[in-house]
file start.tsv (TSV, C-alpha atoms)
chain	number	residue	atom	x	y	z
A	1	MET	CA	-84.29	-8.15	-73.46
A	2	SER	CA	-84.95	-7.83	-69.72
A	3	GLU	CA	-86.48	-4.60	-68.47
A	4	PRO	CA	-84.20	-2.32	-66.46
A	5	ALA	CA	-83.55	-3.46	-62.91
A	6	THR	CA	-85.32	-1.55	-60.16
A	7	ALA	CA	-84.09	-0.93	-56.64
A	8	GLU	CA	-87.18	-2.47	-55.06
A	9	ASP	CA	-86.64	-5.89	-56.67
A	10	THR	CA	-86.80	-8.74	-54.12
A	11	ALA	CA	-87.32	-12.49	-54.38
A	12	LEU	CA	-91.07	-11.88	-54.65
A	13	GLY	CA	-90.38	-9.01	-57.00
A	14	LEU	CA	-88.58	-11.35	-59.37
A	15	LEU	CA	-91.59	-13.66	-59.37
A	16	SER	CA	-93.75	-10.72	-60.45
A	17	ARG	CA	-91.79	-10.59	-63.69
A	18	PRO	CA	-93.96	-12.59	-66.13
A	19	GLY	CA	-90.97	-13.89	-68.08
A	20	PHE	CA	-89.14	-15.26	-65.04
A	21	ALA	CA	-92.32	-16.70	-63.50
A	22	ARG	CA	-93.14	-18.56	-66.73
A	23	LEU	CA	-89.58	-19.84	-66.99
A	24	LEU	CA	-89.72	-21.22	-63.44
A	25	ALA	CA	-93.11	-22.78	-64.23
A	26	TYR	CA	-91.56	-24.45	-67.28
A	27	ARG	CA	-88.78	-25.83	-65.10
A	28	ILE	CA	-90.97	-27.28	-62.36
A	29	PHE	CA	-93.60	-28.79	-64.67
A	30	ALA	CA	-90.94	-30.36	-66.90
A	31	MET	CA	-89.26	-31.71	-63.74
A	32	LEU	CA	-92.56	-33.06	-62.40
A	33	SER	CA	-93.29	-34.80	-65.70
A	34	TYR	CA	-89.85	-36.40	-65.75
A	35	GLN	CA	-89.93	-37.46	-62.08
A	36	VAL	CA	-93.44	-38.93	-62.22
A	37	VAL	CA	-92.42	-41.02	-65.24
A	38	ALA	CA	-89.17	-42.10	-63.52
A	39	VAL	CA	-91.00	-43.40	-60.45
A	40	THR	CA	-93.80	-45.04	-62.41
A	41	VAL	CA	-91.56	-46.76	-64.93
A	42	GLY	CA	-89.55	-48.44	-62.17
A	43	TRP	CA	-92.74	-49.92	-60.75
A	44	HIS	CA	-93.92	-50.81	-64.27
A	45	ILE	CA	-90.71	-52.62	-65.25
A	46	TYR	CA	-90.50	-54.62	-62.03
A	47	GLU	CA	-94.17	-55.53	-62.24
A	48	VAL	CA	-93.56	-57.03	-65.69
A	49	THR	CA	-90.16	-58.69	-65.13
A	50	ARG	CA	-89.88	-59.34	-61.36
A	51	ASN	CA	-86.15	-58.99	-61.96
A	52	PRO	CA	-84.13	-56.41	-59.92
A	53	PHE	CA	-81.50	-56.28	-62.68
A	54	SER	CA	-84.12	-54.82	-65.01
A	55	LEU	CA	-84.33	-51.81	-62.67
A	56	GLY	CA	-80.61	-51.16	-63.12
A	57	LEU	CA	-81.09	-51.19	-66.87
A	58	ILE	CA	-83.50	-48.24	-66.58
A	59	GLY	CA	-80.65	-45.95	-65.50
A	60	LEU	CA	-78.41	-47.28	-68.24
A	61	ALA	CA	-81.12	-46.83	-70.87
A	62	GLU	CA	-81.40	-43.17	-69.87
A	63	VAL	CA	-77.85	-42.08	-69.10
A	64	LEU	CA	-76.19	-43.42	-72.27
A	65	PRO	CA	-78.45	-41.42	-74.64
A	66	PHE	CA	-78.04	-38.40	-72.36
A	67	PHE	CA	-74.24	-38.46	-72.63
A	68	CYS	CA	-74.39	-39.00	-76.39
A	69	VAL	CA	-76.81	-36.13	-77.03
A	70	ALA	CA	-75.71	-33.55	-74.42
A	71	PRO	CA	-72.81	-31.97	-76.38
A	72	PHE	CA	-74.98	-31.60	-79.49
A	73	ALA	CA	-77.87	-30.28	-77.40
A	74	GLY	CA	-75.66	-27.43	-76.17
A	75	TYR	CA	-74.68	-26.60	-79.74
A	76	LEU	CA	-78.33	-26.48	-80.86
A	77	VAL	CA	-79.33	-24.30	-77.91
A	78	ASP	CA	-76.62	-21.81	-78.92
A	79	HIS	CA	-77.66	-21.74	-82.59
A	80	LEU	CA	-81.44	-22.19	-82.69
A	81	PRO	CA	-84.34	-20.24	-81.11
A	82	ARG	CA	-84.25	-21.45	-77.52
A	83	ARG	CA	-87.92	-21.05	-76.71
A	84	LYS	CA	-89.01	-23.12	-79.72
A	85	LEU	CA	-86.33	-25.72	-79.05
A	86	GLY	CA	-87.65	-26.01	-75.50
A	87	MET	CA	-91.13	-26.62	-76.84
A	88	VAL	CA	-89.76	-29.42	-79.03
A	89	ALA	CA	-88.06	-30.92	-75.95
A	90	CYS	CA	-91.36	-30.80	-74.06
A	91	SER	CA	-93.00	-32.60	-76.98
A	92	GLY	CA	-90.43	-35.36	-76.42
A	93	LEU	CA	-91.59	-35.64	-72.79
A	94	ILE	CA	-95.17	-35.82	-74.05
A	95	ALA	CA	-94.28	-38.54	-76.57
A	96	THR	CA	-92.53	-40.57	-73.87
A	97	ALA	CA	-95.50	-40.39	-71.51
A	98	LEU	CA	-97.99	-41.22	-74.29
A	99	VAL	CA	-96.02	-44.30	-75.38
A	100	LEU	CA	-95.84	-45.51	-71.77
A	101	THR	CA	-99.56	-44.83	-71.29
A	102	SER	CA	-100.32	-46.90	-74.38
A	103	VAL	CA	-98.17	-49.77	-73.10
A	104	ALA	CA	-99.71	-49.63	-69.63
A	105	LYS	CA	-103.25	-49.60	-71.01
A	106	GLY	CA	-102.54	-52.35	-73.53
A	107	TRP	CA	-103.31	-50.07	-76.47
A	108	LEU	CA	-99.91	-50.86	-77.99
A	109	PRO	CA	-99.83	-54.57	-78.89
A	110	VAL	CA	-96.19	-55.40	-78.13
A	111	ASP	CA	-94.40	-58.20	-76.33
A	112	GLY	CA	-91.70	-57.65	-73.71
A	113	VAL	CA	-90.45	-54.44	-72.16
A	114	TRP	CA	-88.42	-53.02	-75.04
A	115	PRO	CA	-90.96	-50.19	-75.74
A	116	ILE	CA	-90.54	-49.07	-72.12
A	117	TYR	CA	-86.76	-48.93	-72.43
A	118	ALA	CA	-87.09	-47.16	-75.79
A	119	ALA	CA	-89.30	-44.51	-74.18
A	120	ILE	CA	-86.76	-44.08	-71.37
A	121	ALA	CA	-83.98	-43.68	-73.93
A	122	LEU	CA	-86.01	-40.88	-75.51
A	123	THR	CA	-86.35	-39.30	-72.06
A	124	GLY	CA	-82.57	-39.35	-71.70
A	125	MET	CA	-82.15	-37.53	-75.00
A	126	VAL	CA	-84.80	-34.96	-74.11
A	127	ARG	CA	-83.31	-34.38	-70.64
A	128	ALA	CA	-80.08	-33.27	-72.33
A	129	PHE	CA	-81.96	-30.17	-73.57
A	130	LEU	CA	-83.99	-29.18	-70.51
A	131	SER	CA	-81.32	-27.53	-68.32
A	132	PRO	CA	-79.37	-25.82	-71.15
A	133	ILE	CA	-82.62	-24.27	-72.39
A	134	TYR	CA	-83.53	-23.10	-68.88
A	135	ASN	CA	-80.05	-21.63	-68.27
A	136	ALA	CA	-79.96	-19.88	-71.65
A	137	LEU	CA	-83.42	-18.33	-71.22
A	138	PHE	CA	-82.64	-17.40	-67.58
A	139	ALA	CA	-80.14	-14.85	-68.84
A	140	ARG	CA	-82.74	-13.32	-71.18
A	141	VAL	CA	-85.46	-12.73	-68.59
A	142	LEU	CA	-83.37	-11.29	-65.73
A	143	PRO	CA	-80.77	-8.53	-65.53
A	144	ARG	CA	-77.29	-9.64	-64.46
A	145	GLU	CA	-77.50	-7.95	-61.07
A	146	HIS	CA	-80.36	-10.32	-60.14
A	147	PHE	CA	-78.71	-13.55	-61.28
A	148	ALA	CA	-77.72	-14.54	-57.72
A	149	ARG	CA	-81.23	-14.02	-56.35
A	150	GLY	CA	-82.76	-15.74	-59.36
A	151	ALA	CA	-80.41	-18.71	-59.02
A	152	GLY	CA	-81.66	-19.17	-55.44
A	153	LEU	CA	-85.27	-19.26	-56.60
A	154	GLY	CA	-84.34	-21.61	-59.45
A	155	ALA	CA	-82.73	-23.99	-56.97
A	156	VAL	CA	-85.88	-23.91	-54.81
A	157	VAL	CA	-88.05	-24.76	-57.81
A	158	PHE	CA	-85.72	-27.58	-58.87
A	159	GLN	CA	-85.58	-29.15	-55.41
A	160	THR	CA	-89.35	-28.77	-54.99
A	161	GLY	CA	-89.79	-30.80	-58.16
A	162	MET	CA	-87.30	-33.35	-56.84
A	163	ILE	CA	-89.39	-33.75	-53.66
A	164	ALA	CA	-92.90	-33.52	-55.10
A	165	GLY	CA	-92.36	-35.50	-58.30
A	166	PRO	CA	-91.46	-38.91	-56.79
A	167	ALA	CA	-94.06	-38.51	-54.02
A	168	LEU	CA	-96.78	-37.65	-56.51
A	169	GLY	CA	-95.75	-40.48	-58.81
A	170	GLY	CA	-96.01	-42.98	-55.98
A	171	VAL	CA	-99.45	-41.69	-54.93
A	172	LEU	CA	-100.76	-41.79	-58.51
A	173	VAL	CA	-99.54	-45.35	-59.07
A	174	GLY	CA	-100.93	-46.50	-55.72
A	175	PHE	CA	-104.39	-44.98	-56.11
A	176	GLY	CA	-104.96	-44.75	-59.86
A	177	GLY	CA	-102.55	-47.15	-61.49
A	178	LYS	CA	-99.76	-46.71	-64.03
A	179	GLY	CA	-102.01	-45.37	-66.78
A	180	LEU	CA	-103.21	-42.45	-64.64
A	181	SER	CA	-99.66	-41.65	-63.53
A	182	TYR	CA	-98.38	-41.52	-67.11
A	183	ALA	CA	-101.40	-39.42	-68.15
A	184	VAL	CA	-100.66	-36.86	-65.43
A	185	ALA	CA	-97.03	-36.75	-66.58
A	186	THR	CA	-98.31	-36.00	-70.09
A	187	ALA	CA	-100.40	-33.13	-68.72
A	188	PHE	CA	-97.41	-31.70	-66.84
A	189	ALA	CA	-95.32	-31.74	-70.02
A	190	LEU	CA	-98.13	-29.98	-71.90
A	191	VAL	CA	-98.22	-27.26	-69.24
A	192	ALA	CA	-94.43	-26.87	-69.49
A	193	MET	CA	-94.76	-26.47	-73.26
A	194	GLY	CA	-97.51	-23.90	-72.75
A	195	CYS	CA	-95.30	-21.89	-70.40
A	196	LEU	CA	-92.65	-21.61	-73.12
A	197	ALA	CA	-95.25	-20.90	-75.82
A	198	THR	CA	-96.46	-17.85	-73.86
A	199	LEU	CA	-92.98	-16.71	-72.78
A	200	LYS	CA	-92.15	-13.36	-74.34
A	201	VAL	CA	-88.38	-13.12	-74.67
A	202	GLU	CA	-86.03	-11.52	-77.15
A	203	GLU	CA	-83.78	-14.19	-78.63
A	204	PRO	CA	-80.15	-13.35	-79.53
A	205	VAL	CA	-79.47	-12.74	-83.21
A	206	HIS	CA	-76.77	-14.95	-84.71
A	207	ALA	CA	-74.82	-13.09	-87.37
A	208	GLY	CA	-73.15	-15.05	-90.15
A	209	PRO	CA	-73.02	-18.80	-90.72
A	210	ALA	CA	-72.84	-21.19	-87.78
A	211	ALA	CA	-69.45	-22.68	-86.94
A	212	PRO	CA	-68.92	-26.38	-87.74
A	213	ILE	CA	-70.59	-28.41	-85.03
A	214	PHE	CA	-67.57	-30.29	-83.65
A	215	LYS	CA	-65.42	-27.17	-83.76
A	216	SER	CA	-68.13	-25.28	-81.89
A	217	ILE	CA	-68.47	-28.00	-79.22
A	218	ALA	CA	-64.69	-28.03	-78.75
A	219	GLU	CA	-64.74	-24.24	-78.41
A	220	GLY	CA	-67.23	-24.53	-75.53
A	221	ALA	CA	-65.11	-27.20	-73.83
A	222	ARG	CA	-61.96	-25.06	-74.14
A	223	PHE	CA	-63.79	-22.10	-72.63
A	224	VAL	CA	-64.83	-24.12	-69.56
A	225	VAL	CA	-61.38	-25.70	-69.08
A	226	GLY	CA	-59.70	-22.31	-69.47
A	227	ASN	CA	-61.90	-20.58	-66.89
A	228	ARG	CA	-60.36	-21.41	-63.49
A	229	ILE	CA	-63.38	-20.18	-61.55
A	230	MET	CA	-65.91	-22.16	-63.56
A	231	VAL	CA	-63.94	-25.39	-63.88
A	232	GLY	CA	-63.03	-25.20	-60.19
A	233	ALA	CA	-66.68	-24.84	-59.15
A	234	MET	CA	-67.77	-27.67	-61.45
A	235	ALA	CA	-64.96	-29.96	-60.28
A	236	LEU	CA	-65.79	-29.24	-56.62
A	237	ASP	CA	-69.41	-30.22	-57.19
A	238	MET	CA	-68.52	-33.28	-59.23
A	239	PHE	CA	-65.97	-34.73	-56.80
A	240	SER	CA	-67.99	-33.93	-53.69
A	241	VAL	CA	-71.03	-35.79	-55.05
A	242	LEU	CA	-68.88	-38.56	-56.54
A	243	LEU	CA	-66.96	-39.21	-53.31
A	244	GLY	CA	-69.52	-38.17	-50.72
A	245	GLY	CA	-72.85	-39.29	-52.12
A	246	VAL	CA	-74.75	-41.28	-49.49
A	247	VAL	CA	-78.26	-41.31	-51.00
A	248	ALA	CA	-77.65	-44.53	-52.95
A	249	MET	CA	-76.68	-46.28	-49.71
A	250	LEU	CA	-79.75	-45.23	-47.70
A	251	PRO	CA	-81.61	-48.57	-48.02
A	252	ALA	CA	-78.53	-50.41	-46.71
A	253	PHE	CA	-78.13	-47.99	-43.78
A	254	LEU	CA	-81.79	-48.34	-42.88
A	255	HIS	CA	-81.52	-52.12	-42.85
A	256	GLU	CA	-78.10	-52.66	-41.28
A	257	ILE	CA	-77.35	-49.59	-39.11
A	258	LEU	CA	-80.50	-47.63	-38.30
A	259	HIS	CA	-82.83	-50.65	-38.06
A	260	HIS	CA	-85.78	-48.72	-39.41
A	261	GLY	CA	-88.57	-49.83	-41.70
A	262	PRO	CA	-88.98	-48.91	-45.38
A	263	GLU	CA	-91.18	-45.94	-44.44
A	264	GLY	CA	-88.01	-44.28	-43.16
A	265	LEU	CA	-86.57	-44.21	-46.66
A	266	GLY	CA	-88.96	-41.46	-47.71
A	267	ILE	CA	-87.97	-39.33	-44.72
A	268	LEU	CA	-84.25	-39.76	-45.35
A	269	ARG	CA	-84.64	-39.12	-49.09
A	270	ALA	CA	-86.66	-35.95	-48.45
A	271	ALA	CA	-84.33	-34.50	-45.80
A	272	PRO	CA	-81.51	-33.35	-48.15
A	273	ALA	CA	-84.00	-31.82	-50.59
A	274	LEU	CA	-85.74	-29.98	-47.72
A	275	GLY	CA	-82.40	-28.60	-46.55
A	276	SER	CA	-81.60	-27.44	-50.07
A	277	VAL	CA	-85.01	-25.75	-50.44
A	278	CYS	CA	-84.56	-23.85	-47.15
A	279	VAL	CA	-81.12	-22.62	-48.23
A	280	GLY	CA	-82.41	-21.67	-51.66
A	281	LEU	CA	-85.17	-19.55	-50.11
A	282	TRP	CA	-82.65	-17.86	-47.79
A	283	LEU	CA	-80.22	-17.10	-50.61
A	284	ALA	CA	-83.03	-15.80	-52.81
A	285	ARG	CA	-83.81	-13.28	-50.08
A	286	HIS	CA	-80.16	-12.65	-49.09
A	287	PRO	CA	-78.07	-13.26	-52.23
A	288	LEU	CA	-74.34	-13.79	-51.86
A	289	HIS	CA	-72.04	-11.27	-53.50
A	290	ARG	CA	-68.94	-10.96	-51.34
A	291	ASN	CA	-66.65	-13.86	-50.40
A	292	ALA	CA	-68.62	-16.31	-52.53
A	293	GLY	CA	-65.53	-18.43	-53.17
A	294	ARG	CA	-64.80	-18.89	-49.47
A	295	VAL	CA	-68.46	-19.66	-48.75
A	296	LEU	CA	-68.44	-22.27	-51.52
A	297	LEU	CA	-65.35	-23.97	-50.11
A	298	PHE	CA	-66.75	-23.94	-46.55
A	299	ALA	CA	-70.02	-25.37	-47.88
A	300	VAL	CA	-68.20	-28.27	-49.55
A	301	ALA	CA	-66.23	-28.87	-46.34
A	302	GLY	CA	-69.49	-28.84	-44.37
A	303	PHE	CA	-70.92	-31.32	-46.86
A	304	GLY	CA	-67.95	-33.61	-46.19
A	305	LEU	CA	-68.40	-33.34	-42.41
A	306	CYS	CA	-72.06	-34.27	-42.80
A	307	VAL	CA	-71.06	-37.35	-44.80
A	308	ILE	CA	-68.75	-38.40	-41.95
A	309	GLY	CA	-71.41	-37.68	-39.34
A	310	PHE	CA	-74.03	-39.68	-41.23
A	311	GLY	CA	-71.66	-42.61	-41.57
A	312	LEU	CA	-71.03	-42.66	-37.80
A	313	SER	CA	-74.63	-42.05	-36.68
A	314	GLN	CA	-76.62	-45.00	-35.34
A	315	HIS	CA	-79.85	-43.11	-34.59
A	316	PHE	CA	-82.52	-42.56	-37.24
A	317	TRP	CA	-83.57	-39.02	-36.39
A	318	LEU	CA	-79.98	-37.87	-35.89
A	319	SER	CA	-79.21	-39.26	-39.34
A	320	ALA	CA	-82.22	-37.41	-40.78
A	321	LEU	CA	-81.03	-34.15	-39.16
A	322	ILE	CA	-77.52	-34.65	-40.56
A	323	LEU	CA	-78.99	-35.24	-44.02
A	324	LEU	CA	-80.95	-32.00	-43.67
A	325	PHE	CA	-77.66	-30.11	-43.20
A	326	TYR	CA	-76.06	-32.26	-45.91
A	327	GLY	CA	-78.69	-30.93	-48.33
A	328	ALA	CA	-78.33	-27.39	-47.03
A	329	PHE	CA	-74.56	-27.32	-47.67
A	330	ASP	CA	-75.13	-28.87	-51.09
A	331	GLY	CA	-77.77	-26.22	-51.78
A	332	VAL	CA	-75.26	-23.44	-51.09
A	333	SER	CA	-72.87	-25.06	-53.56
A	334	VAL	CA	-75.60	-25.42	-56.20
A	335	VAL	CA	-76.71	-21.77	-55.95
A	336	ILE	CA	-73.17	-20.37	-56.09
A	337	ARG	CA	-72.18	-22.64	-58.97
A	338	SER	CA	-75.36	-21.72	-60.88
A	339	THR	CA	-74.66	-18.02	-60.36
A	340	ILE	CA	-71.06	-18.42	-61.56
A	341	LEU	CA	-72.32	-20.30	-64.60
A	342	GLN	CA	-74.72	-17.49	-65.48
A	343	LEU	CA	-72.35	-14.59	-64.83
A	344	ALA	CA	-69.18	-16.03	-66.38
A	345	THR	CA	-70.67	-17.50	-69.57
A	346	PRO	CA	-70.83	-15.40	-72.75
A	347	GLU	CA	-74.29	-15.16	-74.28
A	348	GLU	CA	-73.29	-17.12	-77.39
A	349	MET	CA	-71.98	-20.08	-75.35
A	350	ARG	CA	-74.71	-20.58	-72.76
A	351	GLY	CA	-76.06	-23.77	-74.30
A	352	ARG	CA	-72.69	-25.49	-74.69
A	353	VAL	CA	-71.41	-24.50	-71.26
A	354	SER	CA	-74.66	-25.61	-69.60
A	355	SER	CA	-74.46	-28.96	-71.38
A	356	ILE	CA	-70.89	-29.49	-70.17
A	357	ASN	CA	-72.03	-28.62	-66.66
A	358	GLY	CA	-74.86	-31.15	-67.02
A	359	ILE	CA	-72.40	-33.85	-68.04
A	360	PHE	CA	-70.28	-33.06	-64.94
A	361	ILE	CA	-73.30	-33.31	-62.64
A	362	SER	CA	-74.90	-36.37	-64.25
A	363	SER	CA	-71.63	-38.27	-64.31
A	364	SER	CA	-71.04	-37.55	-60.62
A	365	ASN	CA	-74.50	-38.78	-59.65
A	366	GLU	CA	-74.38	-41.98	-61.71
A	367	LEU	CA	-70.73	-42.80	-61.01
A	368	GLY	CA	-71.13	-41.78	-57.37
A	369	ALA	CA	-73.75	-44.47	-56.81
A	370	PHE	CA	-71.46	-47.04	-58.45
A	371	TYR	CA	-68.45	-45.84	-56.43
A	372	ALA	CA	-70.39	-45.93	-53.15
A	373	GLY	CA	-71.62	-49.46	-53.78
A	374	THR	CA	-68.18	-50.71	-54.78
A	375	MET	CA	-66.43	-49.14	-51.78
A	376	ALA	CA	-69.11	-50.47	-49.41
A	377	LYS	CA	-68.54	-53.97	-50.76
A	378	VAL	CA	-64.75	-53.70	-50.39
A	379	LEU	CA	-64.46	-51.79	-47.08
A	380	GLY	CA	-67.82	-52.22	-45.44
A	381	LEU	CA	-70.73	-49.78	-45.30
A	382	VAL	CA	-69.64	-47.39	-42.53
A	383	PRO	CA	-65.89	-47.22	-43.38
A	384	ALA	CA	-66.72	-46.53	-47.05
A	385	VAL	CA	-68.99	-43.58	-46.21
A	386	VAL	CA	-66.64	-42.11	-43.59
A	387	LEU	CA	-63.69	-42.39	-45.98
A	388	GLY	CA	-65.77	-40.65	-48.64
A	389	GLY	CA	-66.42	-37.76	-46.26
A	390	PHE	CA	-62.71	-37.33	-45.56
A	391	ALA	CA	-62.08	-37.46	-49.31
A	392	VAL	CA	-64.53	-34.56	-49.79
A	393	LEU	CA	-62.68	-32.55	-47.11
A	394	SER	CA	-59.44	-33.24	-48.98
A	395	VAL	CA	-60.96	-32.03	-52.25
A	396	ALA	CA	-62.09	-28.78	-50.60
A	397	GLY	CA	-58.64	-28.25	-49.07
A	398	ILE	CA	-56.74	-29.00	-52.30
A	399	THR	CA	-59.03	-26.69	-54.29
A	400	ALA	CA	-58.54	-23.86	-51.79
A	401	TRP	CA	-54.76	-24.34	-52.06
A	402	LYS	CA	-54.47	-24.83	-55.81
A	403	ASN	CA	-57.18	-22.44	-57.04
A	404	PRO	CA	-56.76	-19.09	-55.27
A	405	THR	CA	-58.82	-17.43	-58.02
A	406	LEU	CA	-61.88	-19.39	-56.91
A	407	ARG	CA	-61.03	-18.99	-53.23
A	408	LYS	CA	-60.95	-15.19	-53.52
A	409	LEU	CA	-64.03	-14.94	-55.74
A	410	ASN	CA	-66.51	-12.12	-55.19
A	411	LEU	CA	-69.56	-12.48	-57.42
A	412	ARG	CA	-69.69	-8.70	-57.90
A	413	ASP	CA	-66.41	-9.01	-59.79
A	414	LEU	CA	-68.19	-11.08	-62.47
A	415	GLN	CA	-71.06	-8.64	-63.00
call {"tool": "encode", "arguments": {"input": "start.tsv", "output": "structure tokens"}}
result
Amino acid sequence: MSEPATAEDTALGLLSRPGFARLLAYRIFAMLSYQVVAVTVGWHIYEVTRNPFSLGLIGLAEVLPFFCVAPFAGYLVDHLPRRKLGMVACSGLIATALVLTSVAKGWLPVDGVWPIYAAIALTGMVRAFLSPIYNALFARVLPREHFARGAGLGAVVFQTGMIAGPALGGVLVGFGGKGLSYAVATAFALVAMGCLATLKVEEPVHAGPAAPIFKSIAEGARFVVGNRIMVGAMALDMFSVLLGGVVAMLPAFLHEILHHGPEGLGILRAAPALGSVCVGLWLARHPLHRNAGRVLLFAVAGFGLCVIGFGLSQHFWLSALILLFYGAFDGVSVVIRSTILQLATPEEMRGRVSSINGIFISSSNELGAFYAGTMAKVLGLVPAVVLGGFAVLSVAGITAWKNPTLRKLNLRDLQ
């Protein structure tokens, strides 16, 4: 188990803990492997098919296996050695990248693109394990009093991977081709596996026979639904991203409103992640303990105001600045929700609860893009985004009214 907490622990002090440093390394290298493959496979599929619809099928090929596997992944994380299960998941990332490398190099004599979609489906299944394993091991390498600070650093690592992965994938494809990009993704997954192989952590001991799988999954779902703080935080995140997501609409805004070239897409895509990284670094140094519920609600309201501001902006750099704050408010929400998840979840349920949280987040991202596109088609681009921002403000207000337990939350009360 984690060594006793010391008074001099800081954000840098947490990184000096070998267990936590290796866990963060596992997270970023697994994220880099996944993101490099995601960028490269989009280029690969379009290069073969020249059909935009085939790009949409990539998301479908990944998200359907993810939803099917996620509940069972949480069960396995709660009942099997987590470190070894994480190594198996990393081997899935390696297998995906190796198959895609073989296809790109012509080593695998196949016709059509079905092997690419099959590899992406495997990625979706593997991705269902990555976050539950990280969240379960997080609680074994840090003492509870450092969960808030550790969640801030974890958010920084995650967002860094979100920024660096796509950029690196694009550079690798542009300068070395698809084969090199897939090979680098394989190497990243190997490093992630090595980080877990060398992670020294005491795994929980499960006494007695495991509960039936469907009964155990239902038990995890009942726990989440019955916890007003946890379900409130998850629902806030889900509905704010579902109703206020603007990232999927960025190409349309660039073309129709901001009148900026495609190079501006990278700037606008990076701005929210940069805002989230800055907030994560701040919260790692100054962790929230008091009034966390109020801060969370104000952050969601600020997120909604940024959505409205972005929808009304007609200037590129103003839009980029608004997206920076958009990411910062979202980063506050992510850190607080992650801390609640760690503090409020019993040790024996960490895998299942994390999987349910992953389903909430993934569904909001995927459905949010669909919702944004549908509303833009029906109402027009700007009215759809502005209405979404007001909807986020309404969600924050209703949650504050209906869930006083979350509104009054102090994180110290959960420790």
call {"tool": "closest_atom_pairs", "arguments": {"input": "start.tsv", "of": "segment 183-256 of chain A", "to": "segment 157-169 of chain A", "cutoff": "12 Å", "atoms": "only C-alpha atoms", "output": "Markdown table"}}
result
| residue | atom | partner | partner_atom | distance |
| --- | --- | --- | --- | --- |
| A:Ala183 | CA | A:Gly169 | CA | 11.0 |
| A:Val184 | CA | A:Gly169 | CA | 9.0 |
| A:Ala185 | CA | A:Gly169 | CA | 8.7 |
| A:Phe188 | CA | A:Gly165 | CA | 10.6 |
call {"tool": "closest_residue", "arguments": {"input": "start.tsv", "among": "A:Ala189, A:Val241, A:His259, A:Ala148", "to": "Ile336 of chain A", "atoms": "only C-alpha atoms"}}
result
A:Ala148
call {"tool": "atom_distance", "arguments": {"input": "start.tsv", "atom1": "atom CA of Tyr117 of chain A", "atom2": "atom CA of Val37 of chain A"}}
result
12.1 Å
call {"tool": "residues_around", "arguments": {"input": "start.tsv", "residues": "Gly388 of chain A", "least_positions_apart": "2", "cutoff": "10 Å", "atoms": "all atoms listed in the file", "output": "PyMOL selection string"}}
result
chain A and resi 240-246+304-305+307-308+311+371-372+375+382-386+390-394
call {"tool": "closest_residue", "arguments": {"input": "start.tsv", "among": "A:Ala139, A:Leu381, A:Ile340, A:Leu274", "to": "Glu256 of chain A", "atoms": "all atoms listed in the file"}}
result
A:Leu381
call {"tool": "atom_distance", "arguments": {"input": "start.tsv", "atom1": "atom CA of Val247 of chain A", "atom2": "atom CA of Leu153 of chain A"}}
result
23.8 Å
call {"tool": "closest_residue", "arguments": {"input": "start.tsv", "among": "A:Ala270, A:Ala155, A:Ala187, A:Leu387", "to": "Val334 of chain A", "atoms": "all atoms listed in the file"}}
result
A:Ala155
call {"tool": "atom_distance", "arguments": {"input": "start.tsv", "atom1": "atom CA of Thr40 of chain A", "atom2": "atom CA of Glu62 of chain A"}}
result
14.6 Å
call {"tool": "residues_around", "arguments": {"input": "start.tsv", "residues": "Val126 of chain A", "least_positions_apart": "5", "cutoff": "7 Å", "atoms": "only C-alpha atoms", "output": "PyMOL selection string"}}
result
chain A and resi 89+92-93
call {"tool": "write_last_selection", "arguments": {"input": "start.tsv", "atoms": "C-alpha atoms", "output": "mmCIF file, in the frame of the given file"}}
result
data_model
loop_
_atom_site.group_PDB
_atom_site.id
_atom_site.type_symbol
_atom_site.label_atom_id
_atom_site.label_comp_id
_atom_site.auth_asym_id
_atom_site.auth_seq_id
_atom_site.Cartn_x
_atom_site.Cartn_y
_atom_site.Cartn_z
ATOM 1 C CA ALA A 89 -88.060 -30.920 -75.950
ATOM 2 C CA GLY A 92 -90.430 -35.360 -76.420
ATOM 3 C CA LEU A 93 -91.590 -35.640 -72.790
#
call {"tool": "closest_residue", "arguments": {"input": "start.tsv", "among": "A:Gln314, A:Thr339, A:Ser33, A:Thr123", "to": "Ala284 of chain A", "atoms": "only C-alpha atoms"}}
result
A:Thr339
call {"tool": "residues_around", "arguments": {"input": "start.tsv", "residues": "segment 176-178 of chain A", "least_positions_apart": "2", "cutoff": "12 Å", "atoms": "all atoms listed in the file", "output": "JSON, numbers by chain"}}
result
{"A": [36, 37, 38, 39, 40, 41, 42, 43, 44, 45, 47, 97, 98, 100, 101, 102, 103, 104, 105, 106, 168, 169, 170, 171, 172, 173, 174, 180, 181, 182, 183, 184, 185]}
call {"tool": "residues_around", "arguments": {"input": "start.tsv", "residues": "Phe20 of chain A", "least_positions_apart": "5", "cutoff": "10 Å", "atoms": "only C-alpha atoms", "output": "MDAnalysis selection string"}}
result
chainID A and resid 2 14:15 25:26 137:142 150 154 199:201
call {"tool": "closest_residue", "arguments": {"input": "start.tsv", "among": "A:Pro287, A:Met230, A:Phe316, A:Thr374", "to": "Leu268 of chain A", "atoms": "all atoms listed in the file"}}
result
A:Phe316
call {"tool": "closest_residue", "arguments": {"input": "start.tsv", "among": "A:Ala119, A:Val113, A:Ala273, A:Ala151", "to": "Arg50 of chain A", "atoms": "all atoms listed in the file"}}
result
A:Val113
call {"tool": "residues_around", "arguments": {"input": "start.tsv", "residues": "segment 213-216 of chain A", "least_positions_apart": "5", "cutoff": "10 Å", "atoms": "all atoms listed in the file", "output": "MDAnalysis selection string"}}
result
chainID A and resid 71:72 74:76 78 221:222 349 352
call {"tool": "residues_near_point", "arguments": {"input": "start.tsv", "point": "(-71.4, -18.6, -72.3)", "cutoff": "12 Å", "atoms": "all atoms listed in the file", "output": "ChimeraX atom specification"}}
result
/A:74-75,77-78,132,135-136,139,219-224,227,230,340-357
